[in-house]
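Participant: My structure is in model-v5.txt, and what it holds is compact mmCIF, N, CA and C atoms:
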```txt
# COMPACT_ATOMS: atom_id res chain seq x y z
N MET A 129 119.21 26.58 23.00
CA MET A 129 119.05 27.96 22.58
C MET A 129 120.41 28.50 22.13
N ARG A 130 120.45 29.11 20.97
CA ARG A 130 121.68 29.68 20.42
C ARG A 130 121.94 31.04 21.06
N PRO A 131 123.19 31.33 21.46
CA PRO A 131 123.49 32.62 22.08
C PRO A 131 123.23 33.78 21.12
N ASP A 132 122.99 34.95 21.68
CA ASP A 132 122.87 36.17 20.87
C ASP A 132 124.16 36.40 20.13
N LEU A 133 124.07 37.26 19.10
CA LEU A 133 125.24 37.64 18.33
C LEU A 133 126.32 38.22 19.24
N THR A 134 125.92 38.89 20.31
CA THR A 134 126.88 39.55 21.19
C THR A 134 127.43 38.65 22.28
N ASP A 135 127.06 37.38 22.27
CA ASP A 135 127.51 36.45 23.30
C ASP A 135 128.73 35.67 22.87
N ILE A 136 129.88 36.33 22.82
CA ILE A 136 131.12 35.60 22.56
C ILE A 136 131.44 34.81 23.81
N GLN A 137 131.61 33.51 23.67
CA GLN A 137 131.92 32.66 24.80
C GLN A 137 133.38 32.21 24.71
N VAL A 138 134.26 32.88 25.45
CA VAL A 138 135.66 32.51 25.48
C VAL A 138 135.81 31.31 26.40
N LEU A 139 136.44 30.25 25.90
CA LEU A 139 136.63 29.03 26.68
C LEU A 139 137.94 29.07 27.47
N PHE A 140 139.01 29.56 26.85
CA PHE A 140 140.31 29.67 27.52
C PHE A 140 141.25 30.46 26.62
N VAL A 141 142.39 30.85 27.19
CA VAL A 141 143.44 31.47 26.38
C VAL A 141 144.14 30.34 25.64
N ALA A 142 144.04 30.35 24.33
CA ALA A 142 144.61 29.27 23.52
C ALA A 142 146.11 29.43 23.35
N GLY A 143 146.61 30.66 23.35
CA GLY A 143 148.04 30.84 23.20
C GLY A 143 148.44 32.27 23.44
N PHE A 144 149.72 32.45 23.73
CA PHE A 144 150.27 33.78 23.98
C PHE A 144 151.77 33.74 23.75
N GLY A 145 152.33 34.86 23.40
CA GLY A 145 153.77 34.96 23.29
C GLY A 145 154.19 36.25 22.61
N PRO A 146 155.48 36.53 22.66
CA PRO A 146 155.99 37.71 21.97
C PRO A 146 156.10 37.45 20.47
N ILE A 147 156.00 38.51 19.71
CA ILE A 147 156.31 38.45 18.28
C ILE A 147 157.75 38.91 18.16
N THR A 148 158.58 38.06 17.59
CA THR A 148 160.02 38.31 17.59
C THR A 148 160.50 38.94 16.29
N ARG A 149 161.51 39.76 16.43
CA ARG A 149 162.19 40.32 15.26
C ARG A 149 163.55 39.67 15.07
N ASP A 150 164.09 39.09 16.15
CA ASP A 150 165.37 38.38 16.11
C ASP A 150 165.22 37.15 17.00
N THR A 151 164.91 36.03 16.37
CA THR A 151 164.61 34.80 17.11
C THR A 151 165.74 34.37 18.02
N GLN A 152 166.98 34.50 17.59
CA GLN A 152 168.11 34.04 18.41
C GLN A 152 168.24 34.86 19.69
N THR A 153 168.03 36.18 19.60
CA THR A 153 168.08 37.03 20.79
C THR A 153 166.94 36.66 21.74
N SER A 154 165.74 36.46 21.20
CA SER A 154 164.59 36.07 22.02
C SER A 154 164.82 34.70 22.64
N LYS A 155 165.37 33.77 21.87
CA LYS A 155 165.66 32.43 22.39
C LYS A 155 166.66 32.51 23.54
N ALA A 156 167.65 33.35 23.41
CA ALA A 156 168.64 33.50 24.48
C ALA A 156 167.96 33.92 25.78
N PHE A 157 166.97 34.80 25.71
CA PHE A 157 166.27 35.24 26.91
C PHE A 157 165.33 34.17 27.44
N TYR A 158 164.40 33.69 26.59
CA TYR A 158 163.35 32.79 27.05
C TYR A 158 163.84 31.37 27.34
N VAL A 159 164.78 30.87 26.55
CA VAL A 159 165.26 29.50 26.75
C VAL A 159 166.51 29.46 27.62
N ASP A 160 167.52 30.23 27.23
CA ASP A 160 168.79 30.15 27.95
C ASP A 160 168.74 30.82 29.32
N ALA A 161 168.09 31.99 29.42
CA ALA A 161 168.05 32.70 30.70
C ALA A 161 166.89 32.22 31.59
N LEU A 162 165.66 32.20 31.04
CA LEU A 162 164.50 31.81 31.85
C LEU A 162 164.29 30.31 31.93
N ARG A 163 164.97 29.56 31.06
CA ARG A 163 164.88 28.10 31.04
C ARG A 163 163.48 27.58 30.71
N LEU A 164 162.73 28.32 29.87
CA LEU A 164 161.41 27.84 29.44
C LEU A 164 161.59 26.64 28.52
N PRO A 165 160.69 25.67 28.60
CA PRO A 165 160.84 24.44 27.80
C PRO A 165 160.37 24.63 26.35
N LEU A 166 161.03 25.55 25.64
CA LEU A 166 160.67 25.81 24.24
C LEU A 166 161.50 24.94 23.32
N LYS A 167 160.88 24.53 22.23
CA LYS A 167 161.61 23.77 21.21
C LYS A 167 161.17 24.28 19.85
N ALA A 168 162.00 24.05 18.85
CA ALA A 168 161.66 24.46 17.49
C ALA A 168 160.53 23.59 16.98
N MET A 169 159.59 24.23 16.28
CA MET A 169 158.49 23.49 15.67
C MET A 169 159.05 22.67 14.50
N ASP A 170 158.54 21.47 14.31
CA ASP A 170 158.99 20.64 13.20
C ASP A 170 158.87 21.42 11.90
N GLY A 171 159.96 21.50 11.15
CA GLY A 171 159.97 22.16 9.87
C GLY A 171 160.05 23.68 9.92
N ASN A 172 160.17 24.27 11.14
CA ASN A 172 160.19 25.72 11.26
C ASN A 172 161.05 26.09 12.47
N SER A 173 162.33 26.18 12.27
CA SER A 173 163.25 26.37 13.39
C SER A 173 163.14 27.74 14.06
N ASP A 174 162.51 28.72 13.41
CA ASP A 174 162.35 30.05 14.02
C ASP A 174 161.14 30.14 14.94
N TYR A 175 160.19 29.23 14.82
CA TYR A 175 158.99 29.25 15.66
C TYR A 175 159.26 28.34 16.84
N MET A 176 159.49 28.94 18.01
CA MET A 176 159.82 28.21 19.22
C MET A 176 158.57 28.09 20.08
N LEU A 177 158.21 26.87 20.51
CA LEU A 177 156.97 26.68 21.23
C LEU A 177 157.12 25.68 22.37
N THR A 178 156.12 25.70 23.25
CA THR A 178 156.04 24.69 24.30
C THR A 178 155.12 23.58 23.80
N GLU A 179 155.36 22.39 24.27
CA GLU A 179 154.42 21.31 24.04
C GLU A 179 153.22 21.56 24.95
N GLN A 180 152.06 21.07 24.56
CA GLN A 180 150.86 21.27 25.37
C GLN A 180 151.10 20.74 26.79
N ASP A 181 150.76 21.56 27.76
CA ASP A 181 150.82 21.22 29.19
C ASP A 181 152.25 21.13 29.75
N THR A 182 153.28 21.63 29.04
CA THR A 182 154.63 21.60 29.61
C THR A 182 154.97 22.88 30.36
N LEU A 183 154.18 23.92 30.18
CA LEU A 183 154.38 25.17 30.91
C LEU A 183 153.07 25.47 31.63
N PRO A 184 152.98 25.14 32.91
CA PRO A 184 151.72 25.30 33.63
C PRO A 184 151.13 26.71 33.48
N GLY A 185 149.81 26.75 33.26
CA GLY A 185 149.10 28.02 33.16
C GLY A 185 148.88 28.51 31.75
N VAL A 186 149.45 27.83 30.76
CA VAL A 186 149.26 28.26 29.38
C VAL A 186 149.18 27.01 28.50
N LYS A 187 148.25 27.03 27.56
CA LYS A 187 148.11 25.89 26.65
C LYS A 187 149.19 25.91 25.58
N HIS A 188 149.56 27.11 25.11
CA HIS A 188 150.55 27.23 24.03
C HIS A 188 151.27 28.56 24.19
N PHE A 189 152.56 28.51 24.42
CA PHE A 189 153.40 29.71 24.48
C PHE A 189 154.40 29.56 23.37
N ALA A 190 154.58 30.63 22.57
CA ALA A 190 155.51 30.52 21.45
C ALA A 190 156.12 31.87 21.10
N LEU A 191 157.34 31.82 20.59
CA LEU A 191 157.99 32.98 19.99
C LEU A 191 157.61 32.95 18.52
N TRP A 192 156.84 33.94 18.07
CA TRP A 192 156.32 33.94 16.70
C TRP A 192 157.04 35.03 15.92
N PRO A 193 157.88 34.68 14.95
CA PRO A 193 158.56 35.70 14.16
C PRO A 193 157.58 36.62 13.44
N LEU A 194 157.88 37.90 13.43
CA LEU A 194 157.02 38.89 12.77
C LEU A 194 156.77 38.52 11.31
N SER A 195 157.78 38.01 10.62
CA SER A 195 157.60 37.65 9.21
C SER A 195 156.55 36.55 9.06
N GLN A 196 156.49 35.62 10.01
CA GLN A 196 155.50 34.54 9.93
C GLN A 196 154.11 35.03 10.33
N ALA A 197 154.03 35.95 11.30
CA ALA A 197 152.74 36.55 11.65
C ALA A 197 152.20 37.34 10.47
N ALA A 198 153.09 38.07 9.79
CA ALA A 198 152.68 38.85 8.61
C ALA A 198 152.16 37.91 7.52
N PHE A 199 152.86 36.82 7.29
CA PHE A 199 152.42 35.87 6.27
C PHE A 199 151.06 35.28 6.62
N SER A 200 150.85 34.98 7.89
CA SER A 200 149.58 34.41 8.33
C SER A 200 148.42 35.39 8.14
N CYS A 201 148.70 36.67 8.33
CA CYS A 201 147.63 37.68 8.20
C CYS A 201 147.48 38.22 6.78
N PHE A 202 148.60 38.41 6.09
CA PHE A 202 148.57 39.14 4.83
C PHE A 202 149.09 38.36 3.63
N GLY A 203 149.63 37.17 3.84
CA GLY A 203 150.17 36.39 2.74
C GLY A 203 151.51 36.89 2.24
N SER A 204 152.16 37.74 3.01
CA SER A 204 153.48 38.29 2.67
C SER A 204 154.32 38.29 3.94
N GLU A 205 155.62 38.10 3.81
CA GLU A 205 156.48 38.11 4.99
C GLU A 205 156.78 39.51 5.50
N GLN A 206 156.30 40.53 4.82
CA GLN A 206 156.49 41.92 5.26
C GLN A 206 155.22 42.42 5.95
N TRP A 207 155.37 42.93 7.17
CA TRP A 207 154.23 43.54 7.85
C TRP A 207 153.97 44.88 7.16
N PRO A 208 152.72 45.20 6.81
CA PRO A 208 152.44 46.47 6.13
C PRO A 208 152.87 47.67 6.95
N GLU A 209 153.52 48.62 6.31
CA GLU A 209 154.02 49.81 7.01
C GLU A 209 152.91 50.66 7.59
N HIS A 210 151.71 50.65 6.99
CA HIS A 210 150.61 51.50 7.45
C HIS A 210 149.86 50.91 8.66
N ILE A 211 150.27 49.71 9.10
CA ILE A 211 149.66 49.08 10.27
C ILE A 211 150.77 48.87 11.30
N ALA A 212 150.56 49.37 12.51
CA ALA A 212 151.57 49.22 13.56
C ALA A 212 151.90 47.74 13.77
N ALA A 213 153.17 47.41 13.80
CA ALA A 213 153.60 46.03 14.01
C ALA A 213 153.34 45.63 15.46
N PRO A 214 152.75 44.47 15.69
CA PRO A 214 152.47 44.02 17.05
C PRO A 214 153.73 43.57 17.78
N GLN A 215 153.70 43.68 19.09
CA GLN A 215 154.80 43.24 19.93
C GLN A 215 154.55 41.85 20.51
N GLY A 216 153.30 41.42 20.50
CA GLY A 216 152.94 40.13 21.06
C GLY A 216 151.65 39.64 20.42
N TRP A 217 151.30 38.42 20.74
CA TRP A 217 150.07 37.83 20.22
C TRP A 217 149.34 37.10 21.34
N ILE A 218 148.02 37.05 21.21
CA ILE A 218 147.19 36.31 22.15
C ILE A 218 146.01 35.75 21.38
N GLU A 219 145.64 34.54 21.69
CA GLU A 219 144.49 33.91 21.04
C GLU A 219 143.53 33.38 22.10
N PHE A 220 142.26 33.64 21.87
CA PHE A 220 141.20 33.18 22.77
C PHE A 220 140.39 32.11 22.06
N GLU A 221 140.34 30.93 22.67
CA GLU A 221 139.52 29.85 22.13
C GLU A 221 138.06 30.17 22.43
N VAL A 222 137.21 30.11 21.41
CA VAL A 222 135.80 30.47 21.57
C VAL A 222 134.91 29.28 21.25
N GLU A 223 133.72 29.34 21.77
CA GLU A 223 132.74 28.28 21.52
C GLU A 223 132.31 28.27 20.06
N ASP A 224 132.08 29.47 19.48
CA ASP A 224 131.53 29.58 18.13
C ASP A 224 132.27 30.68 17.37
N ILE A 225 133.07 30.32 16.39
CA ILE A 225 133.87 31.28 15.64
C ILE A 225 133.00 32.22 14.81
N GLU A 226 131.88 31.72 14.32
CA GLU A 226 130.96 32.54 13.52
C GLU A 226 130.39 33.67 14.37
N ILE A 227 129.89 33.34 15.54
CA ILE A 227 129.33 34.35 16.44
C ILE A 227 130.42 35.33 16.87
N ALA A 228 131.58 34.83 17.25
CA ALA A 228 132.66 35.71 17.70
C ALA A 228 133.08 36.67 16.59
N THR A 229 133.26 36.16 15.38
CA THR A 229 133.68 37.01 14.26
C THR A 229 132.62 38.05 13.93
N ASN A 230 131.38 37.62 13.85
CA ASN A 230 130.30 38.55 13.52
C ASN A 230 130.12 39.62 14.60
N THR A 231 130.30 39.25 15.84
CA THR A 231 130.19 40.21 16.93
C THR A 231 131.30 41.27 16.83
N LEU A 232 132.53 40.83 16.56
CA LEU A 232 133.63 41.78 16.42
C LEU A 232 133.37 42.75 15.26
N ILE A 233 132.85 42.24 14.15
CA ILE A 233 132.51 43.09 13.01
C ILE A 233 131.41 44.07 13.40
N GLN A 234 130.37 43.55 14.05
CA GLN A 234 129.24 44.39 14.46
C GLN A 234 129.69 45.51 15.41
N LYS A 235 130.69 45.23 16.24
CA LYS A 235 131.17 46.23 17.19
C LYS A 235 132.18 47.19 16.56
N GLY A 236 132.45 47.02 15.26
CA GLY A 236 133.27 47.97 14.53
C GLY A 236 134.76 47.70 14.50
N TYR A 237 135.19 46.51 14.91
CA TYR A 237 136.62 46.21 14.88
C TYR A 237 137.04 45.86 13.45
N GLN A 238 138.25 46.31 13.08
CA GLN A 238 138.80 46.02 11.76
C GLN A 238 139.55 44.70 11.83
N LEU A 239 139.05 43.71 11.12
CA LEU A 239 139.66 42.39 11.14
C LEU A 239 140.77 42.30 10.10
N LEU A 240 141.82 41.60 10.47
CA LEU A 240 142.92 41.34 9.53
C LEU A 240 142.68 40.04 8.78
N VAL A 241 142.08 39.08 9.47
CA VAL A 241 141.74 37.75 8.93
C VAL A 241 140.40 37.37 9.55
N ALA A 242 139.49 36.82 8.75
CA ALA A 242 138.19 36.42 9.27
C ALA A 242 137.91 34.95 8.97
N LYS A 243 137.75 34.17 10.02
CA LYS A 243 137.34 32.76 9.94
C LYS A 243 138.15 31.96 8.91
N ARG A 244 139.46 32.13 8.95
CA ARG A 244 140.30 31.42 7.99
C ARG A 244 140.85 30.15 8.63
N GLU A 245 140.81 29.06 7.86
CA GLU A 245 141.43 27.83 8.34
C GLU A 245 142.89 27.84 7.93
N GLU A 246 143.75 27.75 8.94
CA GLU A 246 145.19 27.75 8.71
C GLU A 246 145.63 26.36 8.24
N PRO A 247 146.80 26.28 7.59
CA PRO A 247 147.29 24.98 7.12
C PRO A 247 147.43 23.94 8.23
N TRP A 248 147.62 24.40 9.49
CA TRP A 248 147.78 23.47 10.61
C TRP A 248 146.45 23.08 11.24
N GLY A 249 145.31 23.52 10.66
CA GLY A 249 144.01 23.05 11.12
C GLY A 249 143.26 23.95 12.08
N GLN A 250 143.83 25.05 12.46
CA GLN A 250 143.18 26.00 13.36
C GLN A 250 142.35 26.98 12.53
N THR A 251 141.17 27.35 13.01
CA THR A 251 140.36 28.38 12.37
C THR A 251 140.51 29.65 13.19
N VAL A 252 140.81 30.78 12.52
CA VAL A 252 141.13 32.00 13.26
C VAL A 252 140.53 33.23 12.61
N THR A 253 140.20 34.16 13.50
CA THR A 253 139.88 35.54 13.13
C THR A 253 140.89 36.38 13.89
N ARG A 254 141.59 37.27 13.18
CA ARG A 254 142.63 38.08 13.84
C ARG A 254 142.39 39.57 13.64
N LEU A 255 142.83 40.34 14.64
CA LEU A 255 142.75 41.79 14.62
C LEU A 255 143.81 42.33 15.57
N LEU A 256 144.05 43.63 15.50
CA LEU A 256 144.94 44.25 16.48
C LEU A 256 144.09 44.73 17.65
N SER A 257 144.53 44.41 18.87
CA SER A 257 143.82 44.88 20.06
C SER A 257 144.11 46.37 20.25
N PRO A 258 143.35 47.05 21.11
CA PRO A 258 143.63 48.47 21.36
C PRO A 258 145.06 48.71 21.86
N GLU A 259 145.68 47.70 22.48
CA GLU A 259 147.05 47.85 22.99
C GLU A 259 148.11 47.49 21.95
N GLY A 260 147.68 46.99 20.80
CA GLY A 260 148.62 46.64 19.75
C GLY A 260 149.04 45.18 19.72
N LEU A 261 148.35 44.32 20.46
CA LEU A 261 148.62 42.89 20.37
C LEU A 261 147.92 42.33 19.14
N LEU A 262 148.53 41.34 18.51
CA LEU A 262 147.86 40.61 17.45
C LEU A 262 146.92 39.63 18.17
N ALA A 263 145.64 39.95 18.18
CA ALA A 263 144.65 39.17 18.94
C ALA A 263 143.86 38.29 17.99
N GLY A 264 143.47 37.14 18.50
CA GLY A 264 142.68 36.23 17.70
C GLY A 264 141.61 35.55 18.51
N VAL A 265 140.52 35.22 17.84
CA VAL A 265 139.54 34.29 18.39
C VAL A 265 139.67 33.05 17.51
N THR A 266 139.66 31.89 18.15
CA THR A 266 140.07 30.69 17.44
C THR A 266 139.21 29.47 17.77
N ILE A 267 139.31 28.51 16.87
CA ILE A 267 138.89 27.13 17.11
C ILE A 267 140.15 26.30 16.87
N THR A 268 140.67 25.68 17.95
CA THR A 268 141.91 24.93 17.89
C THR A 268 141.60 23.50 18.35
N PRO A 269 141.27 22.61 17.41
CA PRO A 269 140.78 21.28 17.78
C PRO A 269 141.66 20.53 18.76
N TRP A 270 142.98 20.56 18.62
CA TRP A 270 143.85 19.75 19.47
C TRP A 270 143.99 20.30 20.89
N LEU A 271 143.53 21.54 21.14
CA LEU A 271 143.60 22.08 22.50
C LEU A 271 142.31 21.85 23.29
N ARG A 272 141.30 21.39 22.62
CA ARG A 272 140.01 21.14 23.29
C ARG A 272 139.99 19.75 23.90
N ASN A 273 139.29 19.63 25.01
CA ASN A 273 139.16 18.31 25.64
C ASN A 273 138.25 17.45 24.79
N PRO A 274 138.54 16.13 24.70
CA PRO A 274 137.69 15.24 23.89
C PRO A 274 136.31 15.09 24.49
```
What is this file in structure tokens?

Facilitator:
Amino acid sequence: MRPDLTDIQVLFVAGFGPITRDTQTSKAFYVDALRLPLKAMDGNSDYMLTEQDTLPGVKHFALWPLSQAAFSCFGSEQWPEHIAAPQGWIEFEVEDIEIATNTLIQKGYQLLVAKREEPWGQTVTRLLSPEGLLAGVTITPWLRNP
């Protein structure tokens, strides 16, 4: 039986982290002071992330530069002035991206991105949460158990 349109099934928190405006300052805090096991993503030295399962309690923690979040949502490195810039991001892995996206639309949320496949293979729907986080519902194949 297929779930109702309103049955978003969150499987786990796929990722979380601050959205950075100055990666070096953020790196000094998270890596140098807190000693988190962050490393630069291959080909993108400003995106600092943990390897899967290296930071207990989170599948993916990363410092995401605002310019890269803007590009992912709007195709431009500038966050639109008429939309409040987020301070952090969170992604929820869902069972069915179609149901999750349609439910969010039905409930009146304004989506920034709907069911888009990113170049790295993740499918995402993004919006701003009531608190101002860049929130997403996702399908992230490499984070799911085989």

Participant: Please put the answer as lines of an AutoDock Vina configuration file: centre and edge lengths, in Å with one decimal, of a box along x, y and z that encloses all listed atoms of range 251-264 of chain A plus 8 Å on each side.

Facilitator:
```
center_x = 144.5
center_y = 38.0
center_z = 17.7
size_x = 25.2
size_y = 37.4
size_z = 26.6
```

Participant: Taking into account only C-alpha atoms, which residue in the set A:Leu191, A:Glu179, A:Asn172, A:Ala263 is nearest to Phe157 in chain A?

Facilitator: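 Going through A:Leu191, A:Glu179, A:Asn172, A:Ala263 one by one, the smallest distance to Phe157 in chain A is for A:Leu191.
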
Participant: Counting only N, CA and C atoms, which residues come within 8 Å of (150.2, 32.0, 26.8), with the point read in the file's coordinates, and could you list them as an MDAnalysis selection string?

Facilitator: chainID A and resid 141:145 185:190 217:219

Participant: For the atom pair CA of Gln206 in chain A and CA of Asp174 in chain A, what is the interatomic distance in Å to one decimal place?

Facilitator: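 These two atoms are separated by 15.9 Å.
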
Participant: To one decimal in Å, tell me the separation between atom N of Pro193 in chain A and CA of Gln152 in chain A.

Facilitator: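 For atom N of Pro193 in chain A relative to CA of Gln152 in chain A, the distance reads 10.8 Å.
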
Participant: Enter the distance from CA of Leu139 in chain A to atom N of Leu261 in chain A, in Å, rounded to one decimal.

Facilitator: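 Atom N of Leu261 in chain A lies at a distance of 20.2 Å from CA of Leu139 in chain A.
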
Participant: Neighbouring residues of Lys243 in chain A were defined as those with any atom within 6 Å, considering only C-alpha atoms; residues of the same chain fewer than 4 positions away were excluded. Please report them as number ranges by chain.

Facilitator: A: 251-253

Participant: Given the point (136.9, 30.5, 17.1) in the coordinates of this file, which residues lie within 8 Å, counting all atoms listed in the file, and how would they look as a PyMOL selection string?

Facilitator: chain A and resi 220-229+243+250-253+264-268

Participant: Which residue is closest to Thr178 in chain A? Choose from A:Glu246, A:Ala197, A:Leu164, A:Leu256 and count all atoms listed in the file.

Facilitator: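 The closest residue to Thr178 in chain A is A:Leu164.
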
Participant: Pick out the closest residue to Ile233 in chain A from this set: A:Gly249, A:Asp170, A:Leu194, A:Arg254. Count only C-alpha atoms.

Facilitator: A:Arg254

Participant: Going by DSSP on the backbone, which residues of range 130-273 of chain A come out as helix (DSSP H, G or I)? List them as a ChimeraX atom specification.

Facilitator: /A:151-161,194-202,225-234,269-271

Participant: Taking N, CA and C atoms for each residue, export the selection above as a JSON list (two decimals), in the frame of the given file.

Facilitator:
```
[["chain", "number", "residue", "atom", "x", "y", "z"],
["A", 151, "THR", "N", 164.91, 36.03, 16.37],
["A", 151, "THR", "CA", 164.61, 34.80, 17.11],
["A", 151, "THR", "C", 165.74, 34.37, 18.02],
["A", 152, "GLN", "N", 166.98, 34.50, 17.59],
["A", 152, "GLN", "CA", 168.11, 34.04, 18.41],
["A", 152, "GLN", "C", 168.24, 34.86, 19.69],
["A", 153, "THR", "N", 168.03, 36.18, 19.60],
["A", 153, "THR", "CA", 168.08, 37.03, 20.79],
["A", 153, "THR", "C", 166.94, 36.66, 21.74],
["A", 154, "SER", "N", 165.74, 36.46, 21.20],
["A", 154, "SER", "CA", 164.59, 36.07, 22.02],
["A", 154, "SER", "C", 164.82, 34.70, 22.64],
["A", 155, "LYS", "N", 165.37, 33.77, 21.87],
["A", 155, "LYS", "CA", 165.66, 32.43, 22.39],
["A", 155, "LYS", "C", 166.66, 32.51, 23.54],
["A", 156, "ALA", "N", 167.65, 33.35, 23.41],
["A", 156, "ALA", "CA", 168.64, 33.50, 24.48],
["A", 156, "ALA", "C", 167.96, 33.92, 25.78],
["A", 157, "PHE", "N", 166.97, 34.80, 25.71],
["A", 157, "PHE", "CA", 166.27, 35.24, 26.91],
["A", 157, "PHE", "C", 165.33, 34.17, 27.44],
["A", 158, "TYR", "N", 164.40, 33.69, 26.59],
["A", 158, "TYR", "CA", 163.35, 32.79, 27.05],
["A", 158, "TYR", "C", 163.84, 31.37, 27.34],
["A", 159, "VAL", "N", 164.78, 30.87, 26.55],
["A", 159, "VAL", "CA", 165.26, 29.50, 26.75],
["A", 159, "VAL", "C", 166.51, 29.46, 27.62],
["A", 160, "ASP", "N", 167.52, 30.23, 27.23],
["A", 160, "ASP", "CA", 168.79, 30.15, 27.95],
["A", 160, "ASP", "C", 168.74, 30.82, 29.32],
["A", 161, "ALA", "N", 168.09, 31.99, 29.42],
["A", 161, "ALA", "CA", 168.05, 32.70, 30.70],
["A", 161, "ALA", "C", 166.89, 32.22, 31.59],
["A", 194, "LEU", "N", 157.88, 37.90, 13.43],
["A", 194, "LEU", "CA", 157.02, 38.89, 12.77],
["A", 194, "LEU", "C", 156.77, 38.52, 11.31],
["A", 195, "SER", "N", 157.78, 38.01, 10.62],
["A", 195, "SER", "CA", 157.60, 37.65, 9.21],
["A", 195, "SER", "C", 156.55, 36.55, 9.06],
["A", 196, "GLN", "N", 156.49, 35.62, 10.01],
["A", 196, "GLN", "CA", 155.50, 34.54, 9.93],
["A", 196, "GLN", "C", 154.11, 35.03, 10.33],
["A", 197, "ALA", "N", 154.03, 35.95, 11.30],
["A", 197, "ALA", "CA", 152.74, 36.55, 11.65],
["A", 197, "ALA", "C", 152.20, 37.34, 10.47],
["A", 198, "ALA", "N", 153.09, 38.07, 9.79],
["A", 198, "ALA", "CA", 152.68, 38.85, 8.61],
["A", 198, "ALA", "C", 152.16, 37.91, 7.52],
["A", 199, "PHE", "N", 152.86, 36.82, 7.29],
["A", 199, "PHE", "CA", 152.42, 35.87, 6.27],
["A", 199, "PHE", "C", 151.06, 35.28, 6.62],
["A", 200, "SER", "N", 150.85, 34.98, 7.89],
["A", 200, "SER", "CA", 149.58, 34.41, 8.33],
["A", 200, "SER", "C", 148.42, 35.39, 8.14],
["A", 201, "CYS", "N", 148.70, 36.67, 8.33],
["A", 201, "CYS", "CA", 147.63, 37.68, 8.20],
["A", 201, "CYS", "C", 147.48, 38.22, 6.78],
["A", 202, "PHE", "N", 148.60, 38.41, 6.09],
["A", 202, "PHE", "CA", 148.57, 39.14, 4.83],
["A", 202, "PHE", "C", 149.09, 38.36, 3.63],
["A", 225, "ILE", "N", 133.07, 30.32, 16.39],
["A", 225, "ILE", "CA", 133.87, 31.28, 15.64],
["A", 225, "ILE", "C", 133.00, 32.22, 14.81],
["A", 226, "GLU", "N", 131.88, 31.72, 14.32],
["A", 226, "GLU", "CA", 130.96, 32.54, 13.52],
["A", 226, "GLU", "C", 130.39, 33.67, 14.37],
["A", 227, "ILE", "N", 129.89, 33.34, 15.54],
["A", 227, "ILE", "CA", 129.33, 34.35, 16.44],
["A", 227, "ILE", "C", 130.42, 35.33, 16.87],
["A", 228, "ALA", "N", 131.58, 34.83, 17.25],
["A", 228, "ALA", "CA", 132.66, 35.71, 17.70],
["A", 228, "ALA", "C", 133.08, 36.67, 16.59],
["A", 229, "THR", "N", 133.26, 36.16, 15.38],
["A", 229, "THR", "CA", 133.68, 37.01, 14.26],
["A", 229, "THR", "C", 132.62, 38.05, 13.93],
["A", 230, "ASN", "N", 131.38, 37.62, 13.85],
["A", 230, "ASN", "CA", 130.30, 38.55, 13.52],
["A", 230, "ASN", "C", 130.12, 39.62, 14.60],
["A", 231, "THR", "N", 130.30, 39.25, 15.84],
["A", 231, "THR", "CA", 130.19, 40.21, 16.93],
["A", 231, "THR", "C", 131.30, 41.27, 16.83],
["A", 232, "LEU", "N", 132.53, 40.83, 16.56],
["A", 232, "LEU", "CA", 133.63, 41.78, 16.42],
["A", 232, "LEU", "C", 133.37, 42.75, 15.26],
["A", 233, "ILE", "N", 132.85, 42.24, 14.15],
["A", 233, "ILE", "CA", 132.51, 43.09, 13.01],
["A", 233, "ILE", "C", 131.41, 44.07, 13.40],
["A", 234, "GLN", "N", 130.37, 43.55, 14.05],
["A", 234, "GLN", "CA", 129.24, 44.39, 14.46],
["A", 234, "GLN", "C", 129.69, 45.51, 15.41],
["A", 269, "PRO", "N", 141.27, 22.61, 17.41],
["A", 269, "PRO", "CA", 140.78, 21.28, 17.78],
["A", 269, "PRO", "C", 141.66, 20.53, 18.76],
["A", 270, "TRP", "N", 142.98, 20.56, 18.62],
["A", 270, "TRP", "CA", 143.85, 19.75, 19.47],
["A", 270, "TRP", "C", 143.99, 20.30, 20.89],
["A", 271, "LEU", "N", 143.53, 21.54, 21.14],
["A", 271, "LEU", "CA", 143.60, 22.08, 22.50],
["A", 271, "LEU", "C", 142.31, 21.85, 23.29]]
```

Participant: With 7 Å as the cut-off and only N, CA and C atoms counted, what is the closest atom pair between each nearby residue of range 203-272 of chain A and range 146-151 of chain A? Distances in Å to one decimal, ordered by chain and number, as a Markdown table.

Facilitator:
```
| residue | atom | partner | partner_atom | distance |
| --- | --- | --- | --- | --- |
| A:Pro214 | C | A:Ile147 | CA | 5.8 |
| A:Gln215 | C | A:Ile147 | N | 3.7 |
| A:Gly216 | CA | A:Ile147 | N | 3.7 |
| A:Trp217 | N | A:Ile147 | N | 4.8 |
```
